[in-house]
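Data block for work_13.pdb (PDB, C-alpha atoms and all ligand atoms):
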ATOM      1  CA  ALA X   1     -12.293 -13.857  -6.817
ATOM      2  CA  VAL X   2     -15.307 -12.018  -8.240
ATOM      3  CA  GLY X   3     -17.214 -12.636  -4.995
ATOM      4  CA  PHE X   4     -14.669 -10.453  -3.222
ATOM      5  CA  VAL X   5     -16.599  -7.279  -4.122
ATOM      6  CA  ALA X   6     -19.411  -6.572  -1.690
ATOM      7  CA  PRO X   7     -22.677  -5.758  -3.504
ATOM      8  CA  SER X   8     -23.179  -2.713  -1.285
ATOM      9  CA  VAL X   9     -19.832  -1.293  -2.396
ATOM     10  CA  VAL X  10     -20.697  -1.856  -6.050
ATOM     11  CA  ALA X  11     -24.075  -0.181  -5.667
ATOM     12  CA  ARG X  12     -22.580   2.734  -3.781
ATOM     13  CA  GLY X  13     -19.810   3.023  -6.359
ATOM     14  CA  ARG X  14     -22.260   3.468  -9.216
ATOM     15  CA  VAL X  15     -23.799   6.412  -7.452
ATOM     16  CA  GLN X  16     -20.394   7.838  -6.709
ATOM     17  CA  SER X  17     -18.968   7.775 -10.209
ATOM     18  CA  ALA X  18     -21.008  10.739 -11.443
ATOM     19  CA  ALA X  19     -20.069  12.702  -8.359
ATOM     20  CA  ALA X  20     -16.432  11.793  -8.867
ATOM     21  CA  ALA X  21     -16.538  13.107 -12.412
ATOM     22  CA  ALA X  22     -17.695  16.422 -10.989
ATOM     23  CA  ALA X  23     -14.842  16.272  -8.489
ATOM     24  CA  VAL X  24     -12.367  15.770 -11.347
ATOM     25  CA  ARG X  25     -13.713  18.957 -12.915
ATOM     26  CA  LEU X  26     -13.387  20.788  -9.623
ATOM     27  CA  GLY X  27      -9.917  19.315  -9.453
ATOM     28  CA  ASP X  28      -9.233  19.233  -5.753
ATOM     29  CA  ASN X  29      -8.985  16.618  -3.093
ATOM     30  CA  ALA X  30     -11.568  18.012  -0.726
ATOM     31  CA  ALA X  31     -14.011  18.190  -3.641
ATOM     32  CA  THR X  32     -13.631  14.459  -4.195
ATOM     33  CA  LEU X  33     -14.523  13.791  -0.594
ATOM     34  CA  ARG X  34     -17.445  16.203  -0.648
ATOM     35  CA  SER X  35     -18.756  14.609  -3.809
ATOM     36  CA  VAL X  36     -18.442  11.090  -2.433
ATOM     37  CA  ARG X  37     -20.125  12.036   0.821
ATOM     38  CA  GLY X  38     -22.788  13.962  -1.049
ATOM     39  CA  ALA X  39     -23.502  10.989  -3.296
ATOM     40  CA  ARG X  40     -23.749   8.686  -0.277
ATOM     41  CA  SER X  41     -26.271  10.900   1.420
ATOM     42  CA  GLY X  42     -28.174  11.460  -1.810
ATOM     43  CA  MET X  43     -27.391  15.183  -1.928
ATOM     44  CA  SER X  44     -26.802  16.981  -5.202
ATOM     45  CA  MET X  45     -23.484  18.569  -6.120
ATOM     46  CA  ALA X  46     -25.134  21.981  -5.933
ATOM     47  CA  ALA X  47     -25.483  21.581  -2.165
ATOM     48  CA  PRO X  48     -22.412  19.728  -0.933
ATOM     49  CA  GLU X  49     -22.740  18.093   2.453
ATOM     50  CA  THR X  50     -21.029  19.883   5.325
ATOM     51  CA  THR X  51     -18.827  17.369   7.100
ATOM     52  CA  PRO X  52     -17.733  17.405  10.740
ATOM     53  CA  GLU X  53     -14.113  17.544   9.576
ATOM     54  CA  GLY X  54     -14.805  20.550   7.339
ATOM     55  CA  ASP X  55     -13.322  20.820   3.888
ATOM     56  CA  ASP X  56      -9.638  20.720   4.774
ATOM     57  CA  THR X  57      -9.330  16.978   4.381
ATOM     58  CA  TYR X  58      -7.349  14.916   1.924
ATOM     59  CA  THR X  59      -7.859  11.399   0.617
ATOM     60  CA  LEU X  60      -4.834   9.127   0.255
ATOM     61  CA  VAL X  61      -5.163   5.671  -1.314
ATOM     62  CA  VAL X  62      -2.510   3.040  -0.570
ATOM     63  CA  VAL X  63      -2.396  -0.410  -2.185
ATOM     64  CA  ARG X  64      -0.071  -3.344  -1.568
ATOM     65  CA  HIS X  65       0.822  -5.118  -4.831
ATOM     66  CA  GLY X  66      -1.131  -8.238  -5.814
ATOM     67  CA  GLU X  67       0.231 -11.694  -4.993
ATOM     68  CA  SER X  68       3.703 -12.249  -6.499
ATOM     69  CA  THR X  69       5.083 -15.571  -7.740
ATOM     70  CA  TRP X  70       7.245 -15.744  -4.607
ATOM     71  CA  ASN X  71       4.293 -14.900  -2.319
ATOM     72  CA  ASN X  72       2.657 -17.857  -4.000
ATOM     73  CA  GLU X  73       5.746 -20.059  -3.438
ATOM     74  CA  ASN X  74       5.981 -18.732   0.154
ATOM     75  CA  ARG X  75       9.525 -17.379  -0.206
ATOM     76  CA  PHE X  76      11.057 -14.323   1.452
ATOM     77  CA  THR X  77      11.174 -11.785  -1.371
ATOM     78  CA  GLY X  78      12.401  -8.326  -0.332
ATOM     79  CA  TRP X  79      14.225  -6.604  -3.226
ATOM     80  CA  LYS X  80      14.104  -9.683  -5.502
ATOM     81  CA  ASP X  81      12.267  -8.380  -8.547
ATOM     82  CA  VAL X  82       9.710 -11.143  -9.072
ATOM     83  CA  PRO X  83       6.524 -10.685 -11.141
ATOM     84  CA  LEU X  84       2.878 -10.911 -10.146
ATOM     85  CA  SER X  85       1.322 -14.371 -10.216
ATOM     86  CA  ASP X  86      -1.850 -14.874 -12.289
ATOM     87  CA  LYS X  87      -3.826 -14.491  -9.056
ATOM     88  CA  GLY X  88      -1.875 -11.315  -8.296
ATOM     89  CA  GLN X  89      -2.820  -9.879 -11.698
ATOM     90  CA  GLU X  90      -6.464 -10.574 -10.875
ATOM     91  CA  GLU X  91      -6.130  -8.989  -7.432
ATOM     92  CA  ALA X  92      -4.525  -5.906  -8.995
ATOM     93  CA  ALA X  93      -7.290  -5.550 -11.582
ATOM     94  CA  GLN X  94      -9.898  -6.066  -8.889
ATOM     95  CA  SER X  95      -8.405  -3.326  -6.718
ATOM     96  CA  GLY X  96      -8.551  -1.017  -9.751
ATOM     97  CA  GLU X  97     -12.231  -1.891 -10.209
ATOM     98  CA  LEU X  98     -12.960  -1.182  -6.546
ATOM     99  CA  ILE X  99     -11.257   2.201  -6.778
ATOM    100  CA  ALA X 100     -13.099   3.063  -9.994
ATOM    101  CA  GLU X 101     -16.441   2.023  -8.475
ATOM    102  CA  SER X 102     -15.790   4.060  -5.330
ATOM    103  CA  GLY X 103     -15.425   7.214  -7.422
ATOM    104  CA  LEU X 104     -11.898   8.010  -6.250
ATOM    105  CA  THR X 105      -9.470   9.553  -8.697
ATOM    106  CA  PHE X 106      -5.811  10.631  -8.657
ATOM    107  CA  ASP X 107      -3.475  13.293 -10.004
ATOM    108  CA  VAL X 108      -0.148  11.545  -9.295
ATOM    109  CA  ALA X 109       0.946   8.002  -8.435
ATOM    110  CA  TYR X 110       3.967   6.821  -6.454
ATOM    111  CA  THR X 111       5.422   3.329  -6.581
ATOM    112  CA  SER X 112       8.649   1.373  -6.090
ATOM    113  CA  VAL X 113      11.144   0.198  -8.715
ATOM    114  CA  LEU X 114       9.956  -3.417  -8.347
ATOM    115  CA  LYS X 115       7.771  -4.886 -11.074
ATOM    116  CA  ARG X 116       5.153  -6.461  -8.803
ATOM    117  CA  ALA X 117       4.204  -2.982  -7.556
ATOM    118  CA  ILE X 118       4.604  -1.251 -10.935
ATOM    119  CA  ASN X 119       2.438  -3.858 -12.646
ATOM    120  CA  THR X 120      -0.221  -3.544  -9.933
ATOM    121  CA  LEU X 121      -0.206   0.222 -10.457
ATOM    122  CA  TRP X 122      -0.596  -0.264 -14.228
ATOM    123  CA  CYS X 123      -3.649  -2.492 -13.651
ATOM    124  CA  ILE X 124      -5.204   0.135 -11.358
ATOM    125  CA  LEU X 125      -4.479   3.000 -13.770
ATOM    126  CA  GLU X 126      -6.006   0.999 -16.605
ATOM    127  CA  LYS X 127      -9.185   0.221 -14.650
ATOM    128  CA  THR X 128      -9.532   3.842 -13.513
ATOM    129  CA  ASP X 129      -8.743   5.225 -17.008
ATOM    130  CA  LEU X 130      -5.813   7.163 -15.538
ATOM    131  CA  MET X 131      -2.905   5.748 -17.548
ATOM    132  CA  TRP X 132      -1.928   9.318 -18.449
ATOM    133  CA  ILE X 133      -1.152  10.623 -14.938
ATOM    134  CA  PRO X 134       2.462  11.140 -13.792
ATOM    135  CA  VAL X 135       4.056   8.146 -12.053
ATOM    136  CA  ASN X 136       7.018   8.510  -9.690
ATOM    137  CA  ARG X 137       9.073   5.382  -9.105
ATOM    138  CA  SER X 138      11.472   5.353  -6.176
ATOM    139  CA  TRP X 139      13.636   2.697  -4.518
ATOM    140  CA  ARG X 140      12.501   4.280  -1.236
ATOM    141  CA  LEU X 141       9.086   2.616  -1.725
ATOM    142  CA  ASN X 142      10.671  -0.832  -2.241
ATOM    143  CA  GLU X 143       9.837  -3.736   0.045
ATOM    144  CA  ARG X 144      12.047  -4.118   3.137
ATOM    145  CA  HIS X 145      15.367  -5.707   2.071
ATOM    146  CA  TYR X 146      15.243  -9.256   3.408
ATOM    147  CA  GLY X 147      19.033  -9.773   3.289
ATOM    148  CA  ALA X 148      20.236 -13.374   3.330
ATOM    149  CA  LEU X 149      16.659 -14.639   3.790
ATOM    150  CA  GLN X 150      15.670 -13.591   0.247
ATOM    151  CA  GLY X 151      14.669 -16.661  -1.762
ATOM    152  CA  LEU X 152      14.284 -18.948   1.264
ATOM    153  CA  ASP X 153      11.032 -20.810   1.934
ATOM    154  CA  LYS X 154       9.323 -19.220   4.969
ATOM    155  CA  LYS X 155       8.185 -22.491   6.578
ATOM    156  CA  GLU X 156      11.551 -24.188   5.989
ATOM    157  CA  THR X 157      13.194 -21.174   7.655
ATOM    158  CA  VAL X 158      10.913 -21.696  10.681
ATOM    159  CA  ALA X 159      11.835 -25.393  10.757
ATOM    160  CA  LYS X 160      15.542 -24.471  10.732
ATOM    161  CA  HIS X 161      15.660 -21.417  13.035
ATOM    162  CA  GLY X 162      12.428 -21.687  15.077
ATOM    163  CA  MET X 163       9.244 -19.614  15.008
ATOM    164  CA  ASP X 164      10.439 -17.072  17.578
ATOM    165  CA  GLN X 165      13.569 -16.181  15.606
ATOM    166  CA  VAL X 166      11.685 -15.980  12.300
ATOM    167  CA  MET X 167       8.995 -13.775  13.833
ATOM    168  CA  ILE X 168      11.737 -11.432  15.092
ATOM    169  CA  TRP X 169      13.265 -11.257  11.609
ATOM    170  CA  ARG X 170       9.883 -10.931   9.951
ATOM    171  CA  ARG X 171       7.927  -8.595  12.208
ATOM    172  CA  SER X 172      10.075  -7.022  14.926
ATOM    173  CA  TYR X 173      10.558  -3.284  14.624
ATOM    174  CA  THR X 174      14.316  -2.967  15.081
ATOM    175  CA  THR X 175      16.009  -6.331  14.342
ATOM    176  CA  PRO X 176      17.066  -6.760  10.696
ATOM    177  CA  PRO X 177      17.335 -10.198   9.097
ATOM    178  CA  PRO X 178      20.850 -11.611   8.427
ATOM    179  CA  LEU X 179      22.892  -9.486   5.974
ATOM    180  CA  LEU X 180      23.414 -10.398   2.337
ATOM    181  CA  ALA X 181      26.906 -11.873   1.854
ATOM    182  CA  ASP X 182      29.675  -9.556   0.524
ATOM    183  CA  ASP X 183      29.902 -11.597  -2.669
ATOM    184  CA  SER X 184      26.151 -12.057  -3.219
ATOM    185  CA  ASP X 185      24.850 -11.618  -6.774
ATOM    186  CA  ASP X 186      21.917  -9.776  -5.218
ATOM    187  CA  LEU X 187      23.859  -6.786  -3.847
ATOM    188  CA  PRO X 188      21.837  -3.722  -4.938
ATOM    189  CA  GLN X 189      25.020  -1.901  -6.000
ATOM    190  CA  ASN X 190      25.371  -4.452  -8.832
ATOM    191  CA  ASP X 191      21.853  -3.708 -10.117
ATOM    192  CA  ARG X 192      21.337  -0.948 -12.729
ATOM    193  CA  LYS X 193      18.067   0.022 -11.014
ATOM    194  CA  TYR X 194      20.071   1.550  -8.182
ATOM    195  CA  ALA X 195      22.853   3.173 -10.241
ATOM    196  CA  GLY X 196      21.672   6.661  -9.265
ATOM    197  CA  VAL X 197      21.430   5.923  -5.545
ATOM    198  CA  ASP X 198      24.222   6.844  -3.101
ATOM    199  CA  PRO X 199      25.867   3.448  -2.344
ATOM    200  CA  ALA X 200      25.851   4.398   1.361
ATOM    201  CA  ASP X 201      22.017   4.331   1.231
ATOM    202  CA  LEU X 202      21.796   0.850  -0.311
ATOM    203  CA  PRO X 203      20.969  -1.840   2.284
ATOM    204  CA  ARG X 204      22.144  -5.430   2.705
ATOM    205  CA  ALA X 205      19.188  -6.163   5.039
ATOM    206  CA  GLU X 206      16.611  -3.936   6.705
ATOM    207  CA  SER X 207      14.518  -3.941   9.866
ATOM    208  CA  LEU X 208      11.051  -2.370   9.688
ATOM    209  CA  LYS X 209      12.576   0.735  11.299
ATOM    210  CA  LEU X 210      15.238   1.083   8.604
ATOM    211  CA  THR X 211      12.589   0.491   5.911
ATOM    212  CA  LYS X 212      10.284   3.084   7.432
ATOM    213  CA  ASP X 213      13.058   5.635   7.860
ATOM    214  CA  ARG X 214      14.131   5.502   4.207
ATOM    215  CA  PHE X 215      10.508   5.510   3.012
ATOM    216  CA  LEU X 216       9.726   8.545   5.172
ATOM    217  CA  VAL X 217      12.405  10.565   3.344
ATOM    218  CA  GLU X 218      10.278  10.225   0.178
ATOM    219  CA  TRP X 219       7.092  10.841   2.186
ATOM    220  CA  GLU X 220       8.364  14.058   3.810
ATOM    221  CA  ASN X 221      10.143  15.445   0.732
ATOM    222  CA  GLU X 222       7.746  14.476  -2.058
ATOM    223  CA  ILE X 223       4.483  12.803  -1.140
ATOM    224  CA  ALA X 224       3.289  14.831   1.859
ATOM    225  CA  PRO X 225       3.960  18.186   0.112
ATOM    226  CA  ALA X 226       2.091  16.895  -2.975
ATOM    227  CA  ILE X 227      -0.918  15.936  -0.816
ATOM    228  CA  LYS X 228      -0.883  19.327   0.902
ATOM    229  CA  SER X 229      -0.784  21.059  -2.481
ATOM    230  CA  GLY X 230      -4.156  19.397  -3.229
ATOM    231  CA  LYS X 231      -2.884  16.581  -5.454
ATOM    232  CA  ARG X 232      -4.848  13.358  -5.084
ATOM    233  CA  ILE X 233      -2.271  10.645  -4.503
ATOM    234  CA  LEU X 234      -2.177   6.894  -5.081
ATOM    235  CA  ILE X 235       0.671   4.884  -3.535
ATOM    236  CA  VAL X 236       1.259   1.318  -4.714
ATOM    237  CA  ALA X 237       3.927  -0.283  -2.563
ATOM    238  CA  HIS X 238       4.795  -3.325  -0.461
ATOM    239  CA  GLY X 239       3.718  -4.978   2.781
ATOM    240  CA  ASN X 240       6.473  -3.554   4.954
ATOM    241  CA  THR X 241       6.684  -0.053   3.454
ATOM    242  CA  ILE X 242       2.916   0.204   3.967
ATOM    243  CA  ARG X 243       3.298  -1.075   7.563
ATOM    244  CA  GLY X 244       5.859   1.714   8.071
ATOM    245  CA  LEU X 245       3.531   4.340   6.622
ATOM    246  CA  CYS X 246       0.592   3.098   8.746
ATOM    247  CA  GLN X 247       2.758   3.139  11.853
ATOM    248  CA  HIS X 248       3.787   6.713  11.080
ATOM    249  CA  LEU X 249       0.300   8.039  10.256
ATOM    250  CA  ASP X 250      -1.643   6.143  12.928
ATOM    251  CA  GLU X 251       1.080   6.408  15.598
ATOM    252  CA  ILE X 252       1.063   2.652  16.169
ATOM    253  CA  SER X 253       3.497   1.584  18.911
ATOM    254  CA  ASP X 254       6.606  -0.480  18.143
ATOM    255  CA  GLU X 255       4.947  -3.342  20.068
ATOM    256  CA  ASP X 256       1.599  -3.198  18.255
ATOM    257  CA  ILE X 257       3.097  -2.904  14.766
ATOM    258  CA  VAL X 258       4.257  -6.535  15.147
ATOM    259  CA  GLY X 259       0.616  -7.664  14.721
ATOM    260  CA  LEU X 260      -0.185  -5.573  11.621
ATOM    261  CA  ASP X 261      -0.264  -7.454   8.307
ATOM    262  CA  ILE X 262      -1.287  -5.861   5.013
ATOM    263  CA  PRO X 263      -3.372  -7.891   2.514
ATOM    264  CA  THR X 264      -2.308  -8.079  -1.147
ATOM    265  CA  GLY X 265      -4.213  -5.980  -3.673
ATOM    266  CA  VAL X 266      -6.731  -4.264  -1.393
ATOM    267  CA  PRO X 267      -7.115  -0.453  -1.550
ATOM    268  CA  LEU X 268      -6.664   1.247   1.827
ATOM    269  CA  VAL X 269      -8.275   4.699   1.950
ATOM    270  CA  PHE X 270      -7.002   7.294   4.422
ATOM    271  CA  THR X 271      -8.764  10.552   5.221
ATOM    272  CA  LEU X 272      -6.189  13.061   6.462
ATOM    273  CA  ASP X 273      -6.786  16.421   8.085
ATOM    274  CA  LYS X 274      -4.984  19.581   7.019
ATOM    275  CA  ASP X 275      -1.926  18.545   9.090
ATOM    276  CA  LEU X 276      -2.056  15.049   7.514
ATOM    277  CA  LYS X 277      -3.298  13.505  10.759
ATOM    278  CA  PRO X 278      -5.664  10.618  10.003
ATOM    279  CA  ILE X 279      -9.406  10.828  10.707
ATOM    280  CA  THR X 280     -10.653   7.394  11.754
ATOM    281  CA  HIS X 281     -13.249   5.878   9.432
ATOM    282  CA  PRO X 282     -16.134   4.014  11.158
ATOM    283  CA  GLU X 283     -15.389   0.892   9.077
ATOM    284  CA  ALA X 284     -11.640   0.909   9.812
ATOM    285  CA  ILE X 285     -10.073  -2.260  11.228
ATOM    286  CA  PRO X 286      -7.987  -1.209  14.291
ATOM    287  CA  PRO X 287      -5.203  -0.209  14.715
ATOM    288  CA  LEU X 288      -5.716   1.453  11.325
ATOM    289  CA  SER X 289      -7.698   4.657  10.884
ATOM    290  CA  ALA X 290      -8.200   3.932   7.191
ATOM    291  CA  ARG X 291     -10.834   1.698   5.654
ATOM    292  CA  TYR X 292     -10.208  -1.068   3.139
ATOM    293  CA  LEU X 293     -12.403  -1.100   0.037
ATOM    294  CA  GLY X 294     -14.246  -4.379  -0.542
ATOM    295  CA  ASP X 295     -15.812  -7.225   1.325
ATOM    296  CA  VAL X 296     -14.623  -7.386   4.952
ATOM    297  CA  SER X 297     -14.547 -11.191   5.218
ATOM    298  CA  GLY X 298     -12.494 -11.437   2.008
ATOM    299  CA  ILE X 299     -10.061  -8.826   3.318
ATOM    300  CA  ARG X 300      -9.724 -10.584   6.683
ATOM    301  CA  ALA X 301      -9.024 -13.860   4.845
ATOM    302  CA  ARG X 302      -6.204 -12.191   2.910
ATOM    303  CA  ILE X 303      -4.734 -10.731   6.117
ATOM    304  CA  GLU X 304      -4.858 -14.193   7.727
ATOM    305  CA  ALA X 305      -3.135 -15.658   4.648
ATOM    306  CA  VAL X 306      -0.186 -13.293   5.192
ATOM    307  CA  LYS X 307      -0.004 -14.286   8.894
ATOM    308  CA  ALA X 308      -0.189 -17.983   7.975
ATOM    309  CA  GLN X 309       2.917 -17.887   5.767
ATOM    310  CA  THR X 310       5.100 -19.061   8.640
ATOM    311  CA  LYS X 311       2.559 -21.352  10.354
TER     312      LYS X 311
HETATM  313  O1  LIG C   1       8.839 -11.651   1.595
HETATM  314  C1  LIG C   1       8.611 -10.416   1.622
HETATM  315  O2  LIG C   1       9.286  -9.597   0.993
HETATM  316  C2  LIG C   1       7.477  -9.897   2.482
HETATM  317  C3  LIG C   1       6.301  -9.521   1.673
HETATM  318  O3  LIG C   1       5.916 -10.497   0.754
HETATM  319  O4  LIG C   1       7.103 -10.927   3.348
HETATM  320  P1  LIG C   1       6.667 -10.762   4.871
HETATM  321  O5  LIG C   1       5.180 -10.593   4.873
HETATM  322  O6  LIG C   1       7.109 -12.060   5.454
HETATM  323  O7  LIG C   1       7.409  -9.581   5.457
END
Could you write out this structure as structure tokens?
Ligand SMILES: O=C(O)[C@@H](CO)OP(=O)(O)O
Amino acid sequence: AVGFVAPSVVARGRVQSAAAAAAVRLGDNAATLRSVRGARSGMSMAAPETTPEGDDTYTLVVVRHGESTWNNENRFTGWKDVPLSDKGQEEAAQSGELIAESGLTFDVAYTSVLKRAINTLWCILEKTDLMWIPVNRSWRLNERHYGALQGLDKKETVAKHGMDQVMIWRRSYTTPPPLLADDSDDLPQNDRKYAGVDPADLPRAESLKLTKDRFLVEWENEIAPAIKSGKRILIVAHGNTIRGLCQHLDEISDEDIVGLDIPTGVPLVFTLDKDLKPITHPEAIPPLSARYLGDVSGIRARIEAVKAQTK
């Protein structure tokens, strides 16, 4: 797991940390970017680099939680509140180290009400020495609700229903998986976590579209305004909420979103213009505009591992 960090990133990160400290003092998002770019090009803080995008850019960092025990057991998880596996804890800590080394910092964090994401956030905040910043937890950042598939083994589900059907349930944009039964113990309305949520909003299964739509309410009302106010934001969420956010920001088509898988515990760094439109990073892996922090081959291996869950 240690080999996951590319030496070049580590070396660059050391240079960036001093610049990031200056950015913290300046206290704005654009300053962080200027400082990071300045450090990369060897310029001093007294003469910040002028970037093609200008200064009206924001940095947004998004992380999928580390591997959970049910990722490890290859079960559909959704709103089941399972913990991180030991490997997931390591991935979470490692993503915190990568963020710290890159010189990025945050004013506010957003996460779900599920412990695999919350625990990943805690690991990142610990590694970045930011345990004091405000944390907003919302059910709207939860994983897609996997309905009656929750708890089932992914490969056994393929054996029973066929690959085509499972891929539709797992990755199609509009088709939700089968609904939770009326008498299921897992109905969200029976869970104290959701006591404050309008029962009409609580799902019994969600497509990616439904997941994205309820996440975007939080994005439009809370997160996007916070970014525009200059707050540096960290989001720690789940594979399908992050797919929804990427589809929204990068305007990925409903057809192409089928092929996008998000690796566990890898920071994804967006640069957004003043209208929150993404600026494509040269190291981004299409269709994303954002770049992942860390070693590219390690990241690709984690993406392939997500794809392979039903193979
Ligand atoms: O089971 C789940 O909740 C999700 C994420 O782990 O799986 P998938 O990648 O199949 O959507």
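Distances here use only C-alpha atoms and all ligand atoms; by that measure, the residue among X:Ile252, X:Met131, X:Ile303, X:Leu234 closest to ligand LIG 1 (chain C) is X:Ile303.
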Quick check on the file I pasted: which residues fall under the PyMOL selection byres (((not hetatm)) within 9 of (chain C and resi 1))? Write them as a compact mmCIF listing (two decimals) with C-alpha atoms, keeping the file's coordinate frame.
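Saved file part_5.txt follows:
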# COMPACT_ATOMS: atom_id res chain seq x y z
CA GLU X 67 0.23 -11.69 -4.99
CA SER X 68 3.70 -12.25 -6.50
CA TRP X 70 7.24 -15.74 -4.61
CA ASN X 71 4.29 -14.90 -2.32
CA ASN X 74 5.98 -18.73 0.15
CA ARG X 75 9.52 -17.38 -0.21
CA PHE X 76 11.06 -14.32 1.45
CA THR X 77 11.17 -11.78 -1.37
CA GLY X 78 12.40 -8.33 -0.33
CA TRP X 79 14.22 -6.60 -3.23
CA LYS X 80 14.10 -9.68 -5.50
CA GLU X 143 9.84 -3.74 0.04
CA ARG X 144 12.05 -4.12 3.14
CA HIS X 145 15.37 -5.71 2.07
CA TYR X 146 15.24 -9.26 3.41
CA LEU X 149 16.66 -14.64 3.79
CA GLN X 150 15.67 -13.59 0.25
CA GLY X 151 14.67 -16.66 -1.76
CA LYS X 154 9.32 -19.22 4.97
CA MET X 167 8.99 -13.78 13.83
CA TRP X 169 13.26 -11.26 11.61
CA ARG X 170 9.88 -10.93 9.95
CA ARG X 171 7.93 -8.60 12.21
CA HIS X 238 4.80 -3.32 -0.46
CA GLY X 239 3.72 -4.98 2.78
CA ASN X 240 6.47 -3.55 4.95
CA ASP X 261 -0.26 -7.45 8.31
CA ILE X 262 -1.29 -5.86 5.01
CA THR X 264 -2.31 -8.08 -1.15
CA VAL X 306 -0.19 -13.29 5.19
CA LYS X 307 0.00 -14.29 8.89
CA GLN X 309 2.92 -17.89 5.77
CA THR X 310 5.10 -19.06 8.64
- Message: Evaluated on this file, the PyMOL selection byres (((chain X and resi 263) around 12) and not hetatm) picks out some residues - which ones are they, written as an NGL selection string?
- Response: :X and (62-67 or 71 or 88 or 91-92 or 95 or 237-240 or 242-243 or 260-262 or 264-268 or 292-294 or 296-308)
- Polymer residues at most 9 Å from Val217 of chain X, only C-alpha atoms, same-chain spacing of 5 or more positions, as a ChimeraX atom specification: /X:140,212,222
- Message: I need the output of the PyMOL selection byres (((chain X and resi 284) around 12) and not hetatm) for this file as a list of chain:residue names; which residues are they?
- Response: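 That selection, the PyMOL selection byres (((chain X and resi 284) around 12) and not hetatm), comes back as X:Asp250, X:Leu268, X:Val269, X:Phe270, X:Thr271, X:Pro278, X:Ile279, X:Thr280, X:His281, X:Pro282, X:Glu283, X:Ile285, X:Pro286, X:Pro287, X:Leu288, X:Ser289, X:Ala290, X:Arg291, X:Tyr292, X:Leu293, X:Gly294, X:Val296, X:Ile299.
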